[in-house]
>>> print(open('upload12.cif').read())   # mmCIF, C-alpha atoms
data_final
loop_
_atom_site.label_atom_id
_atom_site.label_comp_id
_atom_site.auth_asym_id
_atom_site.auth_seq_id
_atom_site.Cartn_x
_atom_site.Cartn_y
_atom_site.Cartn_z
CA ARG A 1 58.01 120.07 79.15
CA THR A 2 59.86 122.69 77.18
CA PRO A 3 61.56 121.30 74.08
CA CYS A 4 65.31 121.83 73.85
CA TRP A 5 66.42 121.74 70.24
CA ARG A 6 69.88 120.61 69.25
CA LEU A 7 72.18 123.55 68.43
CA ALA A 8 69.61 126.00 69.86
CA HIS A 9 72.02 127.32 72.48
CA LEU A 10 75.72 127.86 72.99
CA PRO A 11 77.54 125.20 74.99
CA PRO A 12 79.00 126.08 78.40
CA ARG A 13 82.35 127.84 78.17
CA LEU A 14 84.78 129.86 80.23
CA ALA A 15 86.29 133.26 79.68
CA TRP A 16 89.87 132.94 78.42
CA GLU A 17 91.05 134.84 81.51
CA ASP A 18 89.62 132.05 83.70
CA VAL A 19 91.31 129.35 81.61
CA ARG A 20 94.59 131.25 81.79
CA ARG A 21 94.22 131.75 85.56
CA ALA A 22 93.71 128.00 86.07
CA ILE A 23 96.78 127.14 83.97
CA ASP A 24 98.95 129.73 85.72
CA ALA A 25 97.79 128.58 89.18
CA ILE A 26 99.16 125.05 88.74
CA GLU A 27 102.21 124.44 90.92
CA ILE A 28 104.90 122.92 88.70
CA THR A 29 106.98 121.62 91.59
CA THR A 30 105.60 118.08 91.39
CA PRO A 31 105.45 115.60 88.48
CA SER A 32 101.64 115.63 88.53
CA GLY A 33 101.60 119.44 88.50
CA ILE A 34 103.88 119.50 85.45
CA ARG A 35 101.67 116.88 83.78
CA ASP A 36 98.45 118.72 84.59
CA ARG A 37 99.78 122.04 83.28
CA ALA A 38 100.80 120.40 80.00
CA LEU A 39 97.45 118.59 79.83
CA LEU A 40 95.42 121.77 80.35
CA LEU A 41 97.54 123.69 77.84
CA VAL A 42 97.06 120.98 75.21
CA LEU A 43 93.30 120.94 75.75
CA ALA A 44 92.98 124.74 75.87
CA THR A 45 95.13 125.50 72.80
CA THR A 46 94.42 122.61 70.44
CA GLY A 47 90.74 121.88 71.05
CA LEU A 48 91.36 118.14 71.44
CA ARG A 49 88.51 116.04 72.70
CA ASN A 50 88.96 114.04 75.90
CA LYS A 51 89.28 110.76 74.01
CA GLU A 52 91.74 112.26 71.52
CA LEU A 53 93.93 113.44 74.39
CA ARG A 54 93.85 110.02 76.05
CA GLN A 55 94.81 108.32 72.76
CA LEU A 56 97.68 110.74 72.05
CA GLN A 57 100.96 108.86 71.52
CA LEU A 58 104.50 110.22 71.77
CA GLU A 59 105.03 109.72 68.03
CA ASP A 60 101.94 111.87 67.29
CA ILE A 61 103.82 114.97 68.42
CA ARG A 62 105.83 116.49 65.57
CA TRP A 63 108.19 118.64 67.59
CA ARG A 64 110.09 120.27 64.71
CA ALA A 65 106.94 121.03 62.72
CA ALA A 66 105.14 122.26 65.88
CA GLU A 67 102.04 120.17 65.29
CA ILE A 68 100.11 117.28 66.77
CA VAL A 69 98.63 114.52 64.66
CA VAL A 70 95.23 113.57 66.02
CA ARG A 71 94.61 109.97 64.96
CA ARG A 72 91.36 108.10 65.01
CA ALA A 73 89.43 111.26 65.77
CA LYS A 74 85.66 111.36 65.91
CA GLY A 75 84.48 110.56 62.40
CA HIS A 76 87.47 108.24 61.94
CA ARG A 77 89.57 110.92 60.26
CA ASP A 78 93.05 112.03 61.19
CA ARG A 79 93.75 115.75 61.51
CA ILE A 80 96.69 117.95 62.35
CA VAL A 81 96.52 120.73 64.92
CA PRO A 82 99.16 123.39 65.61
CA LEU A 83 101.33 123.11 68.70
CA LEU A 84 101.89 126.55 70.20
CA GLU A 85 105.30 127.38 71.65
CA GLU A 86 104.12 127.55 75.27
CA THR A 87 102.21 124.29 74.94
CA GLY A 88 105.17 122.59 73.27
CA ALA A 89 107.52 123.77 76.02
CA ALA A 90 105.17 122.48 78.74
CA LEU A 91 104.78 119.16 76.91
CA ALA A 92 108.53 118.81 76.47
CA LYS A 93 109.13 119.55 80.15
CA TYR A 94 106.58 116.89 81.11
CA VAL A 95 107.89 114.23 78.69
CA ILE A 96 111.57 114.81 79.54
CA HIS A 97 111.42 115.42 83.29
CA SER A 98 108.13 114.22 84.78
CA ARG A 99 106.61 111.48 82.64
CA PRO A 100 107.03 108.08 84.34
CA ARG A 101 109.55 105.77 82.67
CA THR A 102 107.54 103.06 80.97
CA GLU A 103 107.13 101.22 77.68
CA ASP A 104 103.65 102.73 77.27
CA ARG A 105 103.73 105.21 74.34
CA SER A 106 100.74 107.24 75.55
CA VAL A 107 101.69 110.81 76.29
CA PHE A 108 99.70 111.35 79.46
CA LEU A 109 100.04 108.75 82.19
CA SER A 110 98.84 108.35 85.75
CA HIS A 111 101.45 108.99 88.40
CA VAL A 112 99.84 106.53 90.79
CA PRO A 113 100.82 102.86 90.44
CA PRO A 114 100.08 101.04 88.27
CA VAL A 115 101.45 103.63 85.86
CA ARG A 116 99.36 103.58 82.69
CA ALA A 117 97.42 105.74 80.26
CA PHE A 118 94.15 107.22 81.41
CA SER A 119 91.41 104.71 80.63
CA TYR A 120 88.38 106.80 81.46
CA SER A 121 87.23 110.22 80.32
CA SER A 122 86.21 111.01 83.88
CA THR A 123 89.87 110.97 84.94
CA VAL A 124 90.84 113.76 82.54
CA SER A 125 87.67 115.72 83.28
CA ARG A 126 88.32 115.44 87.01
CA ILE A 127 91.87 116.81 86.57
CA VAL A 128 90.49 119.77 84.61
CA ARG A 129 87.67 120.42 87.08
CA VAL A 130 89.96 120.24 90.13
CA ARG A 131 92.53 122.57 88.55
CA LEU A 132 89.81 125.08 87.64
CA GLN A 133 88.33 124.96 91.14
CA ASN A 134 91.79 125.33 92.73
CA ALA A 135 92.19 128.56 90.75
CA GLY A 136 88.85 129.83 92.02
CA VAL A 137 87.01 129.34 88.73
CA PRO A 138 83.44 128.23 89.49
CA VAL A 139 82.53 125.10 87.53
CA LYS A 140 79.10 123.55 87.86
CA ARG A 141 79.70 120.78 85.38
CA GLY A 142 81.97 119.89 82.53
CA GLY A 143 85.64 119.20 82.26
CA ALA A 144 87.85 118.74 79.23
CA HIS A 145 85.09 119.73 76.79
CA LEU A 146 84.67 123.02 78.64
CA LEU A 147 88.17 124.01 77.48
CA ARG A 148 87.35 122.96 73.91
CA HIS A 149 84.27 125.20 73.90
CA SER A 150 86.24 128.02 75.47
CA LEU A 151 88.87 127.83 72.71
CA ALA A 152 86.20 127.87 69.99
CA THR A 153 84.51 130.88 71.58
CA ARG A 154 87.84 132.69 71.87
CA LEU A 155 88.68 132.07 68.21
CA VAL A 156 85.25 133.27 67.06
CA ALA A 157 85.65 136.39 69.24
CA GLN A 158 88.99 137.02 67.49
CA ARG A 159 87.04 136.94 64.22
CA ARG A 160 88.84 133.86 62.92
CA PRO A 161 87.06 132.33 59.89
CA ILE A 162 84.47 129.80 61.03
CA GLU A 163 85.91 127.25 58.57
CA GLU A 164 89.29 127.54 60.33
CA VAL A 165 87.65 126.96 63.72
CA ALA A 166 85.73 123.98 62.33
CA ASP A 167 88.93 122.46 60.89
CA LEU A 168 90.79 122.90 64.17
CA LEU A 169 87.97 121.25 66.13
CA GLY A 170 87.52 118.48 63.56
CA HIS A 171 83.92 119.35 62.73
CA ARG A 172 82.62 118.02 59.43
CA ASN A 173 79.49 120.14 59.51
CA ILE A 174 79.91 123.91 59.85
CA ASP A 175 76.57 124.08 61.71
CA THR A 176 78.11 122.19 64.59
CA THR A 177 80.78 124.87 64.92
#
>>> encode(input="upload12.cif", output="structure tokens")
Amino acid sequence: RTPCWRLAHLPPRLAWEDVRRAIDAIEITTPSGIRDRALLLVLATTGLRNKELRQLQLEDIRWRAAEIVVRRAKGHRDRIVPLLEETGAALAKYVIHSRPRTEDRSVFLSHVPPVRAFSYSSTVSRIVRVRLQNAGVPVKRGGAHLLRHSLATRLVAQRRPIEEVADLLGHRNIDTT
């Protein structure tokens, strides 16, 4: 057997053009389409992990400051990530017009009864995978984390400081980034 050392290879990622094509291909004529577009934009522009996205509450979005507070992140530390204008607009459209009316404070909810927050990471990953495949982007495996890796790769390609990328992703150790 050939040994595979941790951090010996780059994780799977997509070209930004493929991520953009998947986001642009989403039909925003249905509540689930509006939700999925906002969900993909949040994942692709903030680098949130699947669990962080599922735990996101309405009060974690600071609309006026254009930032999202990520609570209880991996490593049990809170962090703040920027909310880009396009992502904020898509989120606002979802929350105001398409989010089911409920007492649940989670941002992203299922549109199939019973209406509730996503309980499983596979649900979010399936949404991402289906939306990528619908846009003609070949995906062998991966889901939400694929967008996280794609964002990190894009930022590094733009020659952003590695410390900035690590902070955005919530990495404690720069080697992980």
>>> residues_around(input="upload12.cif", residues="A:Arg54", least_positions_apart="2", cutoff="10 Å", atoms="only C-alpha atoms", output="PyMOL selection string")
chain A and resi 48-52+56-57+106-109+117-121+123-124
>>> atom_distance(input="upload12.cif", atom1="atom CA of A:Ala90", atom2="atom CA of A:Arg72")
24.2 Å
>>> closest_residue(input="upload12.cif", among="A:Gly47, A:Pro114, A:Pro138, A:Pro82", to="A:Ser150", atoms="only C-alpha atoms")
A:Gly47
>>> atom_distance(input="upload12.cif", atom1="atom CA of A:Val69", atom2="atom CA of A:Val42")
12.5 Å
>>> residues_around(input="upload12.cif", residues="stretch 133-136 of chain A", least_positions_apart="3", cutoff="9 Å", atoms="all atoms listed in the file", output="PyMOL selection string")
chain A and resi 18+21-26+128-130+139
>>> resolve_selection(input="upload12.cif", expression="the PyMOL selection byres ((chain A and resi 46) around 9)", output="ChimeraX atom specification")
/A:41-45,47-48,68,81-84,148,151,168-169
>>> atom_distance(input="upload12.cif", atom1="atom CA of A:Glu67", atom2="atom CA of A:Ala144")
19.9 Å
>>> residues_around(input="upload12.cif", residues="A:Ala15", least_positions_apart="2", cutoff="9 Å", atoms="all atoms listed in the file", output="ChimeraX atom specification")
/A:13,17-20,150,153-154
>>> closest_residue(input="upload12.cif", among="A:Leu40, A:Arg101, A:Ile96, A:Lys74", to="A:Gln55", atoms="only C-alpha atoms")
A:Lys74
